[in-house]
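K.L.:
Below is my_file13.pdb; it holds PDB, C-alpha atoms, pLDDT in the B column.
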```pdb
ATOM      1  CA  MET K   1     -61.823 257.366 297.037  1.00 47.00           C
ATOM      2  CA  ASN K   2     -59.373 256.429 299.744  1.00 53.00           C
ATOM      3  CA  LEU K   3     -59.705 252.759 298.810  1.00 49.00           C
ATOM      4  CA  LEU K   4     -58.976 253.545 295.163  1.00 48.00           C
ATOM      5  CA  LEU K   5     -55.943 255.653 296.119  1.00 43.00           C
ATOM      6  CA  MET K   6     -54.631 252.871 298.355  1.00 45.00           C
ATOM      7  CA  LYS K   7     -54.947 250.374 295.487  1.00 48.00           C
ATOM      8  CA  LYS K   8     -53.040 252.709 293.155  1.00 49.00           C
ATOM      9  CA  LEU K   9     -50.292 253.237 295.722  1.00 43.00           C
ATOM     10  CA  SER K  10     -50.047 249.498 296.341  1.00 50.00           C
ATOM     11  CA  SER K  11     -49.814 248.855 292.602  1.00 50.00           C
ATOM     12  CA  MET K  12     -47.106 251.494 292.224  1.00 45.00           C
ATOM     13  CA  LYS K  13     -45.161 249.966 295.118  1.00 47.00           C
ATOM     14  CA  GLU K  14     -45.322 246.488 293.560  1.00 47.00           C
ATOM     15  CA  THR K  15     -44.165 247.896 290.232  1.00 47.00           C
ATOM     16  CA  VAL K  16     -41.203 249.693 291.789  1.00 46.00           C
ATOM     17  CA  GLU K  17     -40.252 246.617 293.812  1.00 45.00           C
ATOM     18  CA  THR K  18     -40.444 244.429 290.694  1.00 46.00           C
ATOM     19  CA  LYS K  19     -38.348 246.827 288.646  1.00 45.00           C
ATOM     20  CA  SER K  20     -35.814 247.175 291.445  1.00 49.00           C
ATOM     21  CA  SER K  21     -35.281 243.433 291.605  1.00 67.00           C
ATOM     22  CA  TYR K  22     -32.780 243.380 288.729  1.00 71.00           C
ATOM     23  CA  GLY K  23     -29.517 243.021 290.607  1.00 70.00           C
ATOM     24  CA  CYS K  24     -25.953 242.214 289.588  1.00 72.00           C
ATOM     25  CA  GLU K  25     -24.897 238.952 291.218  1.00 74.00           C
ATOM     26  CA  PHE K  26     -21.286 240.083 291.151  1.00 69.00           C
ATOM     27  CA  CYS K  27     -21.331 243.603 292.647  1.00 73.00           C
ATOM     28  CA  ASN K  28     -24.864 243.541 294.146  1.00 71.00           C
ATOM     29  CA  ARG K  29     -25.970 246.768 292.460  1.00 74.00           C
ATOM     30  CA  THR K  30     -29.677 246.945 291.577  1.00 72.00           C
ATOM     31  CA  PHE K  31     -31.325 248.397 288.475  1.00 67.00           C
ATOM     32  CA  LEU K  32     -34.820 249.451 287.473  1.00 68.00           C
ATOM     33  CA  ARG K  33     -34.815 247.796 284.051  1.00 75.00           C
ATOM     34  CA  GLU K  34     -33.799 244.368 282.832  1.00 67.00           C
ATOM     35  CA  SER K  35     -32.205 245.966 279.776  1.00 67.00           C
ATOM     36  CA  THR K  36     -29.925 247.987 282.055  1.00 65.00           C
ATOM     37  CA  ILE K  37     -28.634 244.964 283.971  1.00 65.00           C
ATOM     38  CA  ALA K  38     -28.010 243.210 280.641  1.00 67.00           C
ATOM     39  CA  LYS K  39     -25.724 246.078 279.586  1.00 75.00           C
ATOM     40  CA  HIS K  40     -24.117 246.480 282.997  1.00 72.00           C
ATOM     41  CA  ILE K  41     -20.447 245.495 283.175  1.00 73.00           C
ATOM     42  CA  CYS K  42     -18.710 245.819 286.531  1.00 80.00           C
ATOM     43  CA  GLU K  43     -15.139 244.670 287.158  1.00 82.00           C
ATOM     44  CA  TYR K  44     -16.222 241.374 288.706  1.00 88.00           C
ATOM     45  CA  LYS K  45     -18.639 240.617 285.852  1.00 85.00           C
ATOM     46  CA  HIS K  46     -15.914 241.409 283.330  1.00 86.00           C
ATOM     47  CA  ARG K  47     -13.573 239.002 285.108  1.00 91.00           C
ATOM     48  CA  TRP K  48     -16.250 236.305 285.091  1.00 91.00           C
ATOM     49  CA  GLN K  49     -16.860 236.743 281.368  1.00 90.00           C
ATOM     50  CA  GLU K  50     -13.167 236.063 280.748  1.00 91.00           C
ATOM     51  CA  LYS K  51     -13.062 232.925 282.899  1.00 92.00           C
ATOM     52  CA  ASP K  52     -12.646 230.574 279.936  1.00 94.00           C
ATOM     53  CA  LYS K  53      -9.443 232.197 278.715  1.00 95.00           C
ATOM     54  CA  ARG K  54      -6.567 229.748 279.113  1.00 96.00           C
ATOM     55  CA  GLY K  55      -4.427 232.291 280.944  1.00 96.00           C
ATOM     56  CA  ASN K  56      -7.155 232.977 283.488  1.00 96.00           C
ATOM     57  CA  GLN K  57      -7.691 229.276 284.089  1.00 97.00           C
ATOM     58  CA  ILE K  58      -3.969 228.855 284.734  1.00 97.00           C
ATOM     59  CA  GLY K  59      -4.074 231.850 287.070  1.00 96.00           C
ATOM     60  CA  PHE K  60      -7.008 230.283 288.928  1.00 97.00           C
ATOM     61  CA  GLN K  61      -5.121 227.021 289.438  1.00 95.00           C
ATOM     62  CA  GLY K  62      -2.092 228.956 290.680  1.00 96.00           C
ATOM     63  CA  TRP K  63      -4.317 230.865 293.109  1.00 95.00           C
ATOM     64  CA  LEU K  64      -5.837 227.610 294.426  1.00 94.00           C
ATOM     65  CA  HIS K  65      -2.406 226.111 295.048  1.00 93.00           C
ATOM     66  CA  PHE K  66      -1.222 229.313 296.677  1.00 92.00           C
ATOM     67  CA  TYR K  67      -4.060 229.195 299.200  1.00 88.00           C
ATOM     68  CA  LYS K  68      -3.648 225.478 299.791  1.00 88.00           C
ATOM     69  CA  LYS K  69       0.022 226.028 300.553  1.00 85.00           C
ATOM     70  CA  ASN K  70      -0.344 229.130 302.697  1.00 78.00           C
ATOM     71  CA  THR K  71      -3.555 228.686 304.692  1.00 77.00           C
ATOM     72  CA  ALA K  72      -4.966 226.046 307.004  1.00 70.00           C
ATOM     73  CA  ASN K  73      -8.504 226.804 305.845  1.00 69.00           C
ATOM     74  CA  GLU K  74      -9.744 223.813 303.834  1.00 73.00           C
ATOM     75  CA  LYS K  75     -12.786 225.634 302.448  1.00 80.00           C
ATOM     76  CA  LYS K  76     -13.370 224.789 298.804  1.00 87.00           C
ATOM     77  CA  ARG K  77     -12.731 227.907 296.756  1.00 90.00           C
ATOM     78  CA  THR K  78     -14.539 228.643 293.506  1.00 93.00           C
ATOM     79  CA  TYR K  79     -13.860 230.797 290.479  1.00 94.00           C
ATOM     80  CA  LEU K  80     -16.287 233.346 291.934  1.00 93.00           C
ATOM     81  CA  ASP K  81     -14.047 233.554 295.002  1.00 93.00           C
ATOM     82  CA  PHE K  82     -11.097 234.022 292.669  1.00 95.00           C
ATOM     83  CA  ILE K  83     -12.529 236.979 290.766  1.00 94.00           C
ATOM     84  CA  LYS K  84     -13.267 238.738 294.049  1.00 92.00           C
ATOM     85  CA  SER K  85      -9.808 238.065 295.468  1.00 92.00           C
ATOM     86  CA  SER K  86      -7.333 240.898 295.955  1.00 92.00           C
ATOM     87  CA  TYR K  87      -4.797 238.598 294.265  1.00 94.00           C
ATOM     88  CA  TYR K  88      -6.825 238.193 291.085  1.00 95.00           C
ATOM     89  CA  THR K  89      -4.828 240.610 288.931  1.00 95.00           C
ATOM     90  CA  ALA K  90      -1.460 239.147 289.919  1.00 95.00           C
ATOM     91  CA  PHE K  91      -2.531 235.579 289.189  1.00 96.00           C
ATOM     92  CA  ALA K  92      -4.299 236.535 285.953  1.00 96.00           C
ATOM     93  CA  LYS K  93      -1.063 238.179 284.780  1.00 96.00           C
ATOM     94  CA  PHE K  94       0.825 235.025 285.758  1.00 97.00           C
ATOM     95  CA  GLY K  95      -1.534 232.867 283.722  1.00 97.00           C
ATOM     96  CA  THR K  96      -1.230 235.122 280.696  1.00 97.00           C
ATOM     97  CA  TYR K  97       2.555 234.998 281.017  1.00 97.00           C
ATOM     98  CA  CYS K  98       2.488 231.188 281.041  1.00 97.00           C
ATOM     99  CA  VAL K  99       0.511 231.174 277.799  1.00 97.00           C
ATOM    100  CA  ASP K 100       2.649 233.804 276.073  1.00 96.00           C
ATOM    101  CA  ALA K 101       5.941 232.204 277.168  1.00 95.00           C
ATOM    102  CA  ASN K 102       4.667 228.692 276.388  1.00 94.00           C
ATOM    103  CA  VAL K 103       5.821 227.614 279.848  1.00 96.00           C
ATOM    104  CA  LEU K 104       6.882 223.984 280.117  1.00 93.00           C
ATOM    105  CA  ASN K 105       4.937 222.040 282.736  1.00 94.00           C
ATOM    106  CA  VAL K 106       2.942 224.853 284.346  1.00 96.00           C
ATOM    107  CA  GLN K 107       2.059 222.709 287.369  1.00 95.00           C
ATOM    108  CA  ARG K 108       5.719 222.047 288.156  1.00 96.00           C
ATOM    109  CA  TYR K 109       6.447 225.758 287.708  1.00 97.00           C
ATOM    110  CA  ILE K 110       3.738 226.683 290.223  1.00 96.00           C
ATOM    111  CA  ASP K 111       5.104 224.110 292.678  1.00 95.00           C
ATOM    112  CA  TRP K 112       8.609 225.525 292.223  1.00 96.00           C
ATOM    113  CA  LEU K 113       7.451 229.092 292.804  1.00 96.00           C
ATOM    114  CA  LEU K 114       5.685 228.110 296.015  1.00 95.00           C
ATOM    115  CA  LYS K 115       8.530 225.918 297.240  1.00 94.00           C
ATOM    116  CA  ASN K 116      11.053 228.707 296.730  1.00 95.00           C
ATOM    117  CA  LYS K 117       8.708 231.311 298.229  1.00 93.00           C
ATOM    118  CA  ILE K 118       8.913 233.558 295.172  1.00 95.00           C
ATOM    119  CA  ARG K 119       6.925 236.787 295.553  1.00 93.00           C
ATOM    120  CA  ILE K 120       3.671 236.687 293.619  1.00 93.00           C
ATOM    121  CA  ASP K 121       4.391 239.981 291.880  1.00 92.00           C
ATOM    122  CA  VAL K 122       7.365 238.393 290.069  1.00 95.00           C
ATOM    123  CA  TRP K 123       5.744 235.093 289.109  1.00 96.00           C
ATOM    124  CA  ASN K 124       5.166 236.512 285.627  1.00 95.00           C
ATOM    125  CA  THR K 125       8.765 237.524 284.922  1.00 96.00           C
ATOM    126  CA  ASP K 126      11.408 236.018 282.658  1.00 96.00           C
ATOM    127  CA  SER K 127      13.933 235.989 285.488  1.00 95.00           C
ATOM    128  CA  SER K 128      11.763 233.693 287.628  1.00 97.00           C
ATOM    129  CA  TYR K 129      10.886 231.376 284.767  1.00 97.00           C
ATOM    130  CA  THR K 130      14.489 231.144 283.572  1.00 97.00           C
ATOM    131  CA  LYS K 131      15.666 229.979 287.010  1.00 97.00           C
ATOM    132  CA  PHE K 132      12.938 227.355 287.080  1.00 97.00           C
ATOM    133  CA  LEU K 133      13.542 226.191 283.512  1.00 97.00           C
ATOM    134  CA  ILE K 134      17.278 225.641 283.992  1.00 97.00           C
ATOM    135  CA  GLU K 135      16.541 223.459 287.032  1.00 96.00           C
ATOM    136  CA  TYR K 136      13.595 221.692 285.453  1.00 97.00           C
ATOM    137  CA  LEU K 137      15.487 220.642 282.324  1.00 97.00           C
ATOM    138  CA  ARG K 138      17.868 218.661 284.528  1.00 95.00           C
ATOM    139  CA  VAL K 139      15.156 216.809 286.455  1.00 95.00           C
ATOM    140  CA  GLU K 140      12.422 216.174 283.886  1.00 96.00           C
ATOM    141  CA  ASP K 141      11.841 212.749 282.367  1.00 96.00           C
ATOM    142  CA  PRO K 142      14.558 212.334 279.680  1.00 97.00           C
ATOM    143  CA  LEU K 143      12.121 210.648 277.301  1.00 96.00           C
ATOM    144  CA  ASP K 144       9.771 213.630 277.564  1.00 96.00           C
ATOM    145  CA  ALA K 145      12.725 215.870 276.794  1.00 97.00           C
ATOM    146  CA  ILE K 146      13.688 213.835 273.732  1.00 97.00           C
ATOM    147  CA  HIS K 147      10.106 213.671 272.472  1.00 97.00           C
ATOM    148  CA  ARG K 148       9.784 217.461 272.721  1.00 97.00           C
ATOM    149  CA  SER K 149      13.181 217.998 271.080  1.00 97.00           C
ATOM    150  CA  VAL K 150      12.389 215.708 268.148  1.00 97.00           C
ATOM    151  CA  GLU K 151       9.062 217.509 267.632  1.00 97.00           C
ATOM    152  CA  GLN K 152      10.907 220.817 267.541  1.00 97.00           C
ATOM    153  CA  THR K 153      13.435 219.590 264.963  1.00 97.00           C
ATOM    154  CA  ILE K 154      10.508 218.460 262.812  1.00 97.00           C
ATOM    155  CA  LYS K 155       8.983 221.934 263.078  1.00 97.00           C
ATOM    156  CA  LEU K 156      12.285 223.692 262.300  1.00 97.00           C
ATOM    157  CA  GLY K 157      12.971 221.268 259.467  1.00 97.00           C
ATOM    158  CA  ASN K 158       9.646 222.115 257.856  1.00 96.00           C
ATOM    159  CA  GLU K 159      10.367 225.841 258.199  1.00 95.00           C
ATOM    160  CA  GLU K 160      13.829 225.580 256.658  1.00 94.00           C
ATOM    161  CA  GLY K 161      13.201 222.825 254.121  1.00 95.00           C
ATOM    162  CA  ILE K 162      15.606 220.287 255.627  1.00 96.00           C
ATOM    163  CA  LEU K 163      15.201 216.903 257.268  1.00 96.00           C
ATOM    164  CA  PRO K 164      14.659 216.881 261.053  1.00 96.00           C
ATOM    165  CA  LYS K 165      17.829 214.821 261.542  1.00 95.00           C
ATOM    166  CA  ASP K 166      19.846 217.561 259.833  1.00 96.00           C
ATOM    167  CA  VAL K 167      18.442 220.552 261.715  1.00 97.00           C
ATOM    168  CA  LEU K 168      21.260 220.641 264.263  1.00 97.00           C
ATOM    169  CA  ARG K 169      23.834 220.199 261.478  1.00 96.00           C
ATOM    170  CA  TYR K 170      22.578 222.758 258.985  1.00 96.00           C
ATOM    171  CA  GLY K 171      19.772 224.717 260.608  1.00 96.00           C
ATOM    172  CA  ASN K 172      19.813 228.357 261.670  1.00 96.00           C
ATOM    173  CA  LYS K 173      22.005 228.415 264.772  1.00 97.00           C
ATOM    174  CA  ASN K 174      20.329 231.446 266.313  1.00 97.00           C
ATOM    175  CA  LYS K 175      16.924 229.794 266.032  1.00 97.00           C
ATOM    176  CA  ILE K 176      18.274 226.643 267.621  1.00 97.00           C
ATOM    177  CA  CYS K 177      19.871 228.623 270.451  1.00 98.00           C
ATOM    178  CA  TYR K 178      16.499 230.226 271.102  1.00 97.00           C
ATOM    179  CA  CYS K 179      14.917 226.774 271.217  1.00 97.00           C
ATOM    180  CA  VAL K 180      17.504 225.728 273.801  1.00 98.00           C
ATOM    181  CA  THR K 181      16.741 228.748 275.999  1.00 97.00           C
ATOM    182  CA  THR K 182      13.000 227.999 275.857  1.00 96.00           C
ATOM    183  CA  GLY K 183      13.493 224.317 276.618  1.00 96.00           C
ATOM    184  CA  LYS K 184      12.178 223.173 273.245  1.00 97.00           C
ATOM    185  CA  ILE K 185      15.480 221.483 272.452  1.00 97.00           C
ATOM    186  CA  SER K 186      16.929 219.707 275.478  1.00 97.00           C
ATOM    187  CA  PRO K 187      20.554 219.174 276.460  1.00 98.00           C
ATOM    188  CA  TRP K 188      19.634 215.482 276.360  1.00 98.00           C
ATOM    189  CA  MET K 189      19.570 215.813 272.584  1.00 98.00           C
ATOM    190  CA  LEU K 190      22.539 218.162 272.292  1.00 97.00           C
ATOM    191  CA  TYR K 191      24.886 215.952 274.314  1.00 97.00           C
ATOM    192  CA  GLN K 192      23.698 212.511 273.235  1.00 97.00           C
ATOM    193  CA  CYS K 193      23.792 212.661 269.438  1.00 96.00           C
ATOM    194  CA  ASP K 194      26.474 213.459 266.871  1.00 95.00           C
ATOM    195  CA  SER K 195      24.600 216.378 265.299  1.00 96.00           C
ATOM    196  CA  GLY K 196      24.097 217.955 268.737  1.00 97.00           C
ATOM    197  CA  LEU K 197      27.808 217.818 269.525  1.00 97.00           C
ATOM    198  CA  GLN K 198      28.608 219.232 266.065  1.00 96.00           C
ATOM    199  CA  PHE K 199      26.139 222.058 266.656  1.00 97.00           C
ATOM    200  CA  MET K 200      27.768 223.074 269.938  1.00 97.00           C
ATOM    201  CA  ASP K 201      31.262 222.893 268.437  1.00 96.00           C
ATOM    202  CA  LYS K 202      30.308 225.404 265.723  1.00 95.00           C
ATOM    203  CA  LEU K 203      28.826 228.071 268.001  1.00 96.00           C
ATOM    204  CA  ASP K 204      30.538 231.435 268.315  1.00 96.00           C
ATOM    205  CA  SER K 205      31.288 233.020 271.700  1.00 96.00           C
ATOM    206  CA  ILE K 206      28.070 235.046 271.776  1.00 97.00           C
ATOM    207  CA  GLN K 207      25.916 231.999 271.026  1.00 97.00           C
ATOM    208  CA  VAL K 208      27.724 229.966 273.677  1.00 97.00           C
ATOM    209  CA  LYS K 209      27.083 232.720 276.218  1.00 97.00           C
ATOM    210  CA  ILE K 210      23.373 232.647 275.368  1.00 97.00           C
ATOM    211  CA  ILE K 211      22.914 228.929 276.086  1.00 97.00           C
ATOM    212  CA  ILE K 212      25.686 228.116 278.564  1.00 97.00           C
ATOM    213  CA  ASP K 213      23.468 228.229 281.666  1.00 97.00           C
ATOM    214  CA  TYR K 214      21.048 225.799 280.051  1.00 97.00           C
ATOM    215  CA  ILE K 215      23.691 223.289 278.919  1.00 97.00           C
ATOM    216  CA  ASP K 216      26.076 223.673 281.895  1.00 97.00           C
ATOM    217  CA  PRO K 217      28.705 221.029 280.891  1.00 96.00           C
ATOM    218  CA  GLU K 218      29.782 220.057 284.411  1.00 96.00           C
ATOM    219  CA  LYS K 219      26.290 219.577 285.836  1.00 96.00           C
ATOM    220  CA  TRP K 220      25.049 217.681 282.798  1.00 97.00           C
ATOM    221  CA  ALA K 221      28.150 215.460 282.681  1.00 97.00           C
ATOM    222  CA  LEU K 222      27.508 214.537 286.314  1.00 96.00           C
ATOM    223  CA  LYS K 223      23.881 213.731 285.538  1.00 96.00           C
ATOM    224  CA  PHE K 224      24.860 211.499 282.625  1.00 97.00           C
ATOM    225  CA  ARG K 225      27.399 209.598 284.767  1.00 96.00           C
ATOM    226  CA  LYS K 226      24.712 208.927 287.372  1.00 95.00           C
ATOM    227  CA  ASN K 227      22.209 207.629 284.801  1.00 95.00           C
ATOM    228  CA  PRO K 228      24.075 205.323 282.363  1.00 96.00           C
ATOM    229  CA  ASP K 229      21.024 203.190 281.546  1.00 96.00           C
ATOM    230  CA  ILE K 230      18.825 206.092 280.475  1.00 96.00           C
ATOM    231  CA  VAL K 231      21.759 207.622 278.561  1.00 97.00           C
ATOM    232  CA  LYS K 232      22.011 204.365 276.608  1.00 97.00           C
ATOM    233  CA  THR K 233      18.287 204.440 275.836  1.00 97.00           C
ATOM    234  CA  VAL K 234      18.390 208.077 274.709  1.00 97.00           C
ATOM    235  CA  LYS K 235      21.375 207.412 272.442  1.00 96.00           C
ATOM    236  CA  GLU K 236      19.570 204.472 270.831  1.00 96.00           C
ATOM    237  CA  ILE K 237      16.494 206.598 270.133  1.00 96.00           C
ATOM    238  CA  LEU K 238      18.537 209.402 268.587  1.00 96.00           C
ATOM    239  CA  ASN K 239      20.727 207.013 266.576  1.00 95.00           C
ATOM    240  CA  GLU K 240      17.620 205.362 265.194  1.00 94.00           C
ATOM    241  CA  GLY K 241      16.455 208.787 264.010  1.00 93.00           C
ATOM    242  CA  GLN K 242      19.933 209.401 262.519  1.00 95.00           C
ATOM    243  CA  TYR K 243      20.515 212.483 264.622  1.00 95.00           C
TER     244      TYR K 243
END
```
Could you write out this file's structure as structure tokens?
P.N.:
Amino acid sequence: MNLLLMKKLSSMKETVETKSSYGCEFCNRTFLRESTIAKHICEYKHRWQEKDKRGNQIGFQGWLHFYKKNTANEKKRTYLDFIKSSYYTAFAKFGTYCVDANVLNVQRYIDWLLKNKIRIDVWNTDSSYTKFLIEYLRVEDPLDAIHRSVEQTIKLGNEEGILPKDVLRYGNKNKICYCVTTGKISPWMLYQCDSGLQFMDKLDSIQVKIIIDYIDPEKWALKFRKNPDIVKTVKEILNEGQY
């Protein structure tokens, strides 16, 4: 009788131990049933399930660069480390902002934020991105700027039913001003083609105020004087496209 009881107790113990072995790899909680762990969603598991979202991947890269810049520890950090970081929410918000704002050159933006020691809680704000964008537009590769600007005139031309070369002449000025403030149309195009100069001449005072920081005449004139060869190349490209 005692032997039979001992066998039953041993069997019960093994059963309990087996059922208790269903644990969450993210929060370490354990569950009696496999079906329960399948339904279980803790904060860390939820973050892991969203790891493939573009915004979260951008946030992860920003987090990696932040640690590389601010710590001497060369330990390789993983996405699992990221989701358990106290900075996760801030960097995830930053990544989402980059996607929503269609940030130009995210890597350069991250470098700029770190270089200027911008607080993490304002990485995802228009004020921070605007400061970066105004600086970046003056230092980016001019051919990249022209390529992006031409693509944008093609897009606007399709929307308004006009040729890309005529967008700056006849297109919606408010739309074009918005494109300037988002970097989609570069001052390289505005200053180095006839239609760009015509566009700026026709703006009213409110429209000028909107884009003036992005097209700062004095700073851009200085840049053009320092780079006559690239100015010549840009003009040739735009003239060929009849801009």
K.L.:
Using all atoms listed in the file, which of the listed residues (K:Leu143, K:Leu203, K:Leu137, K:Ile120) sits closest to K:Ala90?
P.N.:
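Ranked by minimum distance to K:Ala90, first place goes to K:Ile120.
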K.L.:
Which residue, K:Asn158, K:Lys223, K:Leu64, K:Lys209, has the smallest gap to K:Glu140 when you use all atoms listed in the file?
P.N.:
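With all atoms listed in the file as the atom set, the closest residue is K:Lys223.
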K.L.:
Nearest residue to K:Tyr214 out of K:Asn172, K:Cys179, K:Val167, K:Ile134, using all atoms listed in the file?
P.N.:
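Ranking K:Asn172, K:Cys179, K:Val167, K:Ile134 by distance to K:Tyr214, first place goes to K:Ile134.
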K.L.:
Pick out the residues sitting within 7 Å of K:Pro142, and hand them over as a list of chain:residue names; count only C-alpha atoms, and ignore anything fewer than 3 positions along from it in its own chain.
P.N.:
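After dropping sequence-adjacent residues, the list is K:Ala145, K:Ile146, K:Trp188.
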K.L.:
Taking the file as shown, what set of residues would the PyMOL selection byres ((chain K and resi 153) around 10) give back, as a list in words?
P.N.:
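For this structure, the PyMOL selection byres ((chain K and resi 153) around 10) resolves to Arg148, Ser149, Val150, Glu151, Gln152, Ile154, Lys155, Leu156, Gly157, Asn158, Glu159, Ile162, Leu163, Pro164, Lys165, Asp166, Val167, Leu168, Gly171, Ile176, Cys179, Lys184 and Ile185 of chain K.
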K.L.:
Under the rule that all atoms listed in the file are counted, which of K:Glu160, K:Asp81, K:Asp126, K:Glu74 is the nearest residue to K:Arg47?
P.N.:
K:Asp81
K.L.:
Using the chain letters and numbers from the file, give me the residues hit by the PyMOL selection byres ((chain K and resi 132) around 10), as number ranges by chain.
P.N.:
K: 104, 108-110, 112-113, 116, 126-131, 133-137
K.L.:
Output as JSON the centre and edge lengths (Å, one decimal) of the box along x, y and z of the file that holds every listed atom of stretch 98-106 of chain K after adding 5 Å on each side.
P.N.:
```
{"center_x": 3.7, "center_y": 227.9, "center_z": 280.2, "size_x": 16.4, "size_y": 21.8, "size_z": 18.3}
```
K.L.:
Using all atoms listed in the file, which residue out of K:Thr181, K:Thr30, K:Thr71, K:Asn227 lies closest to K:Ile215?
P.N.:
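The shortest atom-to-atom distance to K:Ile215 comes from K:Thr181.
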K.L.:
Evaluate the PyMOL selection byres ((chain K and resi 48-57) around 8) here and jot the selected residues down as a ChimeraX atom specification.
P.N.:
/K:44-47,58-61,79-80,83,91-99
